[in-house]
Amino acid sequence: MVHLDPTDEDHAYFLGLFQTDGHLRAADRNRGAATIELGVRDIAVLDAFVGLFAPGLRSTVTTRVRRTNFAERHESVTWKTHAWSFRTELQALGLLAGRKSGSVAPPAAPVHVRGYLRGLVDGDGSVGFTARGYPFVGFTTASPALHAYFCEQVLDVTGVVRRSLANARDGVFNTVVMNEPAAALAEFLYPPGCLALPRKLAAAGTVARWRRPEGMRARSSPRRWTAAEDRVVVRLPPAEAAAELGRTVASVSMRRWRLSRTGLGDAADPPPTSTSHPSP
C-alpha cells in the first residue's frame, strides 16, 4: 500500500514540515519511528496528520511536559508512526534517518511546490512584520539544497532574485523577502483554509493584504549580473571594470569577491523575462 503522494498538496506539506521539524529513526530488524514534535499550540496540524494518509497507517499524537534550556515548563506534542512501509517511502523520497540539517534536500520525485514550500516555511521559516512595520517572509536552513530551492521558488512566484551566503559562524543561510514580494509570496503559500500552522496562516493573511503606504518610496529592482559582465569583472582591475560597466567600484569589488568564492555564481543564469518585477 502506498501512503505518500508528493504531488498532493497536503502530503507535500507534510514532507516539508517533516524535513524541518521531523525525525526519522532507524534501528535493526526494521525497527524505528517517524516523528514530528511541535509546541502544544500547534497540535491541530499533527491531529490532521492522523487522518491524512491511507487508513492502514497507524499513527498517534501524544503530549509531554519537560524542562528545557528556554523554559522551566515546556509542553510539546508529538506525531509518531512506527510503520515500516511508511518509513520506507520517506527514505525512497530522499529523507534521511538521523541528523540531517545540512544534507537534507527536496524529495527525489515530483512534488506539489506550494504545499512543500509551505511546510518548509512552517518548520524553519517566519512570516510577519518587522519592528518598522515592513512585511516579510523568511527561511533559515543549514542545507544548501533547501536554500537554493527556496530562492528558486521566490523567483518563480515574485520575480525577485534572492541569494544568501551561509553565515560564517554556523553555516546557516538566512534568506528574507520583504514588502511587495513578501505579500505575493505569502498569498501564494497560504491560501484560505490550507493545511498550515494556524498562527502562521493568520500572519500570512495579514502580510498578503499589505499595501505600500502612500509616500513610501519603492526601491528599484537590483540590476542583475550577466555572464559577459562577470568576464569583465574577472579580467580588469575594479576601477577599470566599473568604468566599462557603468557600475560602482564597490559593487564590482563585491562581485569579484563573490566570484572568487563561488565560481561564476549566477553568471550563467538566464536573463529575467520581465523588467517589471516587484521591488524588494
# chains A, B, ... in the order shown; residues from 1 in each chain; ligands from 1

$ residues_around --residues "range 29-42 of chain A" --least-positions-apart "3" --cutoff "9 Å" --atoms "only C-alpha atoms" --output "MDAnalysis selection string"
chainID A and resid 17:18 21:26 45:46 63:64 74:84 86:87 90 197:199

$ write_last_selection --atoms "C-alpha atoms" --output "short mmCIF file (atom, residue, chain, number, x, y, z; two decimals), in the first residue's frame"
data_model
loop_
_atom_site.label_atom_id
_atom_site.label_comp_id
_atom_site.auth_asym_id
_atom_site.auth_seq_id
_atom_site.Cartn_x
_atom_site.Cartn_y
_atom_site.Cartn_z
CA LEU A 17 7.35 20.05 7.71
CA PHE A 18 8.91 16.63 8.33
CA ASP A 21 10.77 19.56 12.31
CA GLY A 22 10.66 15.77 11.93
CA HIS A 23 12.99 12.92 12.74
CA LEU A 24 13.40 9.52 11.12
CA ARG A 25 14.88 6.90 13.42
CA ALA A 26 16.10 3.57 12.08
CA VAL A 45 -1.69 20.21 12.43
CA LEU A 46 -0.44 16.98 13.99
CA THR A 63 1.81 15.37 24.66
CA ARG A 64 4.52 15.76 27.26
CA HIS A 74 7.61 23.36 28.04
CA GLU A 75 4.61 21.43 26.75
CA SER A 76 5.09 19.75 23.40
CA VAL A 77 3.07 17.46 21.17
CA THR A 78 4.44 14.62 19.03
CA TRP A 79 3.02 12.82 16.00
CA LYS A 80 4.52 9.35 15.60
CA THR A 81 4.26 6.26 13.45
CA HIS A 82 6.32 3.06 13.61
CA ALA A 83 5.03 1.76 10.26
CA TRP A 84 7.96 0.30 8.33
CA PHE A 86 5.73 4.50 5.62
CA ARG A 87 9.32 4.96 6.75
CA LEU A 90 10.11 8.54 3.26
CA LEU A 197 0.22 26.12 11.42
CA PRO A 198 -2.75 28.33 12.41
CA ARG A 199 -0.55 31.14 13.74
#

$ closest_atom_pairs --of "range 147-199 of chain A" --to "range 105-122 of chain A" --cutoff "10 Å" --atoms "only C-alpha atoms" --output "Markdown table"
| residue | atom | partner | partner_atom | distance |
| --- | --- | --- | --- | --- |
| A:His147 | CA | A:Ala105 | CA | 9.2 |
| A:Ala148 | CA | A:Ala105 | CA | 9.6 |
| A:Tyr149 | CA | A:Pro106 | CA | 7.5 |
| A:Phe150 | CA | A:Leu117 | CA | 7.3 |
| A:Gln153 | CA | A:Val113 | CA | 8.2 |
| A:Leu185 | CA | A:Arg114 | CA | 10.0 |
| A:Ala186 | CA | A:Arg118 | CA | 9.3 |
| A:Phe188 | CA | A:Arg114 | CA | 7.3 |
| A:Leu189 | CA | A:Arg118 | CA | 5.6 |
| A:Tyr190 | CA | A:Arg118 | CA | 7.3 |
| A:Pro191 | CA | A:Arg114 | CA | 9.7 |
| A:Cys194 | CA | A:Gly115 | CA | 8.8 |
| A:Leu195 | CA | A:Gly115 | CA | 8.4 |
| A:Ala196 | CA | A:Asp122 | CA | 7.1 |
| A:Leu197 | CA | A:Asp122 | CA | 6.5 |
| A:Pro198 | CA | A:Asp122 | CA | 9.8 |
| A:Arg199 | CA | A:Asp122 | CA | 9.6 |

$ closest_residue --among "A:Arg99, A:Arg235, A:Arg132, A:Arg224" --to "Arg162 in chain A" --atoms "only C-alpha atoms"
A:Arg224

$ closest_residue --among "A:Val249, A:Val137, A:Ala239, A:Val232" --to "Ala204 in chain A" --atoms "only C-alpha atoms"
A:Val137

$ closest_residue --among "A:Leu146, A:Val61, A:Ala12, A:Ala250" --to "Asn174 in chain A" --atoms "only C-alpha atoms"
A:Leu146

$ select_by_dssp --residues "range 37-268 of chain A" --states "helix (DSSP H, G or I)" --output "number ranges by chain"
A: 40-50, 84-92, 113-124, 144-158, 179-189, 198-208, 227-235, 238-245, 249-262
